[in-house]
Amino acid sequence: MSTAVPTESSKPKRRNARGNRTDPGWEHGEEVDAEKRTTRCKYCLLVKGGGVYRLKHHLAGTRFNVEPCEKVPDDVRKKFLKLLGVQAEKNDAKKRKFNTEMEETGACSKENTPADNNEDEAATNRFANKRRAQTTVNQFYKKEEREEVCAQICRVFYTNSISFNVVKDPEFIKMIEMIGNFGKGFKPPSYHEVRVKFLKLEVKRTMNLLSEYKEEWKKTGCTIMSDGWTDKKKRSICNFLVNSPKGTVFLASVDTSDISKTADKVFEMLDDIVEQVGEDNVVQIVTDNAANYKAAGELLMEKRKKLFWTPCAAHCIDLILEDFEKKIKMHQTTITKGRKITTYIYSRTMVLSWLREFTGGKDLVRPAVTRFATAYLTLGCLHEHKGALINMFTSTKWRGSRFNSAEGKVVQGIVLDSRGFWPNVATCLKAALPIIKVLRLVDSDEKPAMPFIYDEMDRAKDKIKQNFNNVKKSYNPIFNIIDERWRTQLHRPLHAAAYYLNPQCHYSDNFKPAEVKRGLYTCLEKMVPDLDERVKIDLQIDSFRSAEGLFGMQSAIMTRTKKSQLIGGIRMEMIALSCRGLQSEY
């Protein structure tokens, strides 16, 4: 029986053999040398070896042993990315099948010959290379896909005016991860679900979190803080927040647009909030210093015997700066002239550009936490860039410009007034900058401000006195304004008690116990009605004052300047914990 020998014509032709170029890569390239397996790209005319396989990687832009084509159309590039990704997956499947067959035939057993081991190693390396090719292609393909997804996510931000800072929110990152984990087919929440179902669930979750804070309020006491806002249409709301050692939480928002803000109405609103939090939990309630709020605070303290009404310290200090401007003629005139300079420059693009040339890109307006602080900080910037301003208004650029008009010459005259305007700027800053330093302290979250207000105000007055060379006639009008606000608003029992119980201040050489001891005992009588308990606390205060017992231990002495208060790192509730056990901190 004869065996048929296959002829050349009966053999199946290779896919990439001449006359049988069915590989899709040949539609976009041509063979240059068959023996060297070089091809030419039809788009960029690059000639490379490696046959059609490397040509396809060139077209796909995978950078797999070949540089990407820069002129290939996007649809062609994506086509070959997808094609190479599928092929890599097929190769990976072949590798797994090969490994399985090798294991079944015992090719990987310890009895293999060295030749068998070499062959197995060669096969493994071959498939490893293919696996690396798959990884490269998939990563590149995923990169393209990721850019499309990211573009769509960003489009939602752009079309809905969402703050870019949202991408830094851990909740946003968690959301993206959870969508990815869910996988294909995720259906986003409907309008109704966002507005009703999940909103109710989130409120419930938030209330559960709030219960943890409420437990803290019972232990340490808390401060209720009010914050009123009015928009351009005269619509107003009042937000209420609660501060404790655990942190600050938003409690409620009341629409006050239709409420007549008399003292009685404000009192009713504040009283309702105290009732929500619990009278026994509230140490104080903080509002601004308006007359109606002050009267409402007095009414509240008459009804709620254990709590205090305290005016906002930042608002008080801002009012001191306002009084400087209103009551001292030189301050008023100097600030007006300073505003005239900045308004003129910042309303003219060309002049502002010149200014930044002379100041090295720095500005004259420095926004601050309050309006009146901004006015004085702007004077500080003018003083800092005095030389640059004088150079600009005396330059040939200014003299030959259209801005050297009547209005421009008025501003120029202010800037060049070296005997009037600039000395007055320096005088204003001597009074204002020490007060602004205190304002920054009370408006900062870095450390509790209440234990330091007394000490910092004393330091500020000492600094003002030095700035005016101890000439009473010069600094006395400043002190009168400060003392008036201090006596009527900032001199509060809680401030006094916090200052007294602050070891950093109490054990310093400048401590003034006579001024604040009355405030301490006022707090004790109000917050600790039991006489026997007050006696025990008073004995602890004696030990604290004389640094005896636990307060005299070396560890307590070493931490006096490191622990700014005895009571756990909060701004307003310090006295509450003191009254519940002064020695607990040590």
# chains A, B, ... in the order shown; residues from 1 in each chain; ligands from 1
call {"tool": "residues_around", "arguments": {"residues": "A:Glu216", "least_positions_apart": "4", "cutoff": "8 Å", "atoms": "only C-alpha atoms", "output": "PyMOL selection string"}}
result
chain A and resi 212+220-221+244-246
call {"tool": "select_by_dssp", "arguments": {"residues": "stretch 211-395 of chain A", "states": "strand (DSSP E or B)", "output": "PDB file with C-alpha atoms, in the first residue's frame"}}
result
ATOM      1  CA  CYS A 222     -20.020  71.741  74.720  1.00  0.00           C
ATOM      2  CA  THR A 223     -20.319  75.140  73.066  1.00  0.00           C
ATOM      3  CA  ILE A 224     -23.157  76.158  70.755  1.00  0.00           C
ATOM      4  CA  MET A 225     -21.970  78.536  68.032  1.00  0.00           C
ATOM      5  CA  SER A 226     -24.269  80.623  65.833  1.00  0.00           C
ATOM      6  CA  ASP A 227     -23.288  81.980  62.434  1.00  0.00           C
ATOM      7  CA  GLY A 228     -25.635  84.305  60.560  1.00  0.00           C
ATOM      8  CA  TRP A 229     -25.518  84.984  56.805  1.00  0.00           C
ATOM      9  CA  THR A 230     -27.367  87.446  54.576  1.00  0.00           C
ATOM     10  CA  SER A 236     -30.813  85.418  55.800  1.00  0.00           C
ATOM     11  CA  ILE A 237     -30.142  82.146  57.595  1.00  0.00           C
ATOM     12  CA  CYS A 238     -28.567  81.294  60.914  1.00  0.00           C
ATOM     13  CA  ASN A 239     -26.449  78.159  61.185  1.00  0.00           C
ATOM     14  CA  PHE A 240     -25.849  76.460  64.524  1.00  0.00           C
ATOM     15  CA  LEU A 241     -22.831  74.294  65.264  1.00  0.00           C
ATOM     16  CA  VAL A 242     -21.766  72.415  68.377  1.00  0.00           C
ATOM     17  CA  ASN A 243     -18.130  72.236  69.452  1.00  0.00           C
ATOM     18  CA  SER A 244     -16.673  69.688  71.876  1.00  0.00           C
ATOM     19  CA  GLY A 247     -14.902  68.058  67.133  1.00  0.00           C
ATOM     20  CA  THR A 248     -17.389  70.495  65.633  1.00  0.00           C
ATOM     21  CA  VAL A 249     -20.651  69.282  64.093  1.00  0.00           C
ATOM     22  CA  PHE A 250     -23.382  71.105  62.210  1.00  0.00           C
ATOM     23  CA  LEU A 251     -26.637  70.979  64.165  1.00  0.00           C
ATOM     24  CA  ALA A 252     -29.293  73.037  62.388  1.00  0.00           C
ATOM     25  CA  SER A 253     -29.977  75.879  59.976  1.00  0.00           C
ATOM     26  CA  VAL A 254     -32.819  78.324  60.604  1.00  0.00           C
ATOM     27  CA  ASP A 255     -34.281  80.546  57.871  1.00  0.00           C
ATOM     28  CA  VAL A 282     -24.122  73.349  77.309  1.00  0.00           C
ATOM     29  CA  VAL A 283     -21.286  75.376  78.829  1.00  0.00           C
ATOM     30  CA  GLN A 284     -21.809  78.438  76.676  1.00  0.00           C
ATOM     31  CA  ILE A 285     -23.413  79.802  73.547  1.00  0.00           C
ATOM     32  CA  VAL A 286     -21.376  82.053  71.272  1.00  0.00           C
ATOM     33  CA  THR A 287     -22.921  84.669  68.956  1.00  0.00           C
ATOM     34  CA  PHE A 308     -22.882  81.490  79.663  1.00  0.00           C
ATOM     35  CA  TRP A 309     -23.474  83.759  76.707  1.00  0.00           C
ATOM     36  CA  THR A 310     -20.140  84.783  75.189  1.00  0.00           C
ATOM     37  CA  PRO A 311     -19.599  87.234  72.324  1.00  0.00           C
TER      38      PRO A 311
END
call {"tool": "residues_around", "arguments": {"residues": "A:Asp455", "least_positions_apart": "2", "cutoff": "12 Å", "atoms": "only C-alpha atoms", "output": "MDAnalysis selection string"}}
result
chainID A and resid 438 441 449:453 457:462 495:496 498:500 502 504:506 508:513 515:516
call {"tool": "closest_atom_pairs", "arguments": {"of": "stretch 299-350 of chain A", "to": "stretch 523-547 of chain A", "cutoff": "10 Å", "atoms": "only C-alpha atoms", "output": "Markdown table"}}
result
| residue | atom | partner | partner_atom | distance |
| --- | --- | --- | --- | --- |
| A:Lys305 | CA | A:Lys526 | CA | 6.7 |
| A:Lys306 | CA | A:Met527 | CA | 5.2 |
| A:Leu307 | CA | A:Met527 | CA | 7.3 |
| A:Phe308 | CA | A:Lys526 | CA | 8.8 |
call {"tool": "write_last_selection", "arguments": {"atoms": "C-alpha atoms", "output": "mmCIF file, in the first residue's frame"}}
result
data_model
loop_
_atom_site.group_PDB
_atom_site.id
_atom_site.type_symbol
_atom_site.label_atom_id
_atom_site.label_comp_id
_atom_site.auth_asym_id
_atom_site.auth_seq_id
_atom_site.Cartn_x
_atom_site.Cartn_y
_atom_site.Cartn_z
ATOM 1 C CA LYS A 305 -28.687 79.274 85.082
ATOM 2 C CA LYS A 306 -25.727 77.018 84.249
ATOM 3 C CA LEU A 307 -24.631 78.346 80.888
ATOM 4 C CA PHE A 308 -22.882 81.490 79.663
#
call {"tool": "residues_around", "arguments": {"residues": "A:Gly338", "least_positions_apart": "2", "cutoff": "8 Å", "atoms": "only C-alpha atoms", "output": "list in words"}}
result
Thr334, Ile335, Thr336, Lys340, Ile341, Thr342, Thr378, Leu379 and Leu382 of chain A
call {"tool": "write_last_selection", "arguments": {"atoms": "N, CA and C atoms", "output": "CSV table (one decimal), in the first residue's frame"}}
result
chain,number,residue,atom,x,y,z
A,334,THR,N,-5.8,108.0,56.3
A,334,THR,CA,-4.8,107.2,55.7
A,334,THR,C,-5.4,106.0,55.0
A,335,ILE,N,-6.4,105.3,55.6
A,335,ILE,CA,-7.0,104.2,55.0
A,335,ILE,C,-7.7,104.6,53.7
A,336,THR,N,-8.4,105.8,53.8
A,336,THR,CA,-9.1,106.3,52.6
A,336,THR,C,-8.1,106.5,51.4
A,340,LYS,N,-7.7,104.5,47.8
A,340,LYS,CA,-7.7,105.2,46.5
A,340,LYS,C,-6.5,104.7,45.6
A,341,ILE,N,-5.4,104.5,46.2
A,341,ILE,CA,-4.2,103.9,45.5
A,341,ILE,C,-4.6,102.6,44.9
A,342,THR,N,-5.0,101.7,45.7
A,342,THR,CA,-5.3,100.3,45.2
A,342,THR,C,-6.4,100.3,44.3
A,378,THR,N,-3.6,95.8,53.9
A,378,THR,CA,-3.3,96.5,52.7
A,378,THR,C,-2.4,97.6,52.9
A,379,LEU,N,-2.6,98.4,54.0
A,379,LEU,CA,-1.6,99.4,54.3
A,379,LEU,C,-0.2,98.8,54.5
A,382,LEU,N,1.3,98.2,51.1
A,382,LEU,CA,1.7,99.5,50.5
A,382,LEU,C,3.0,100.0,51.2
call {"tool": "select_by_dssp", "arguments": {"residues": "stretch 269-323 of chain A", "states": "alpha helix (DSSP H)", "output": "NGL selection string"}}
result
:A and (269-277 or 291-303 or 313-323)
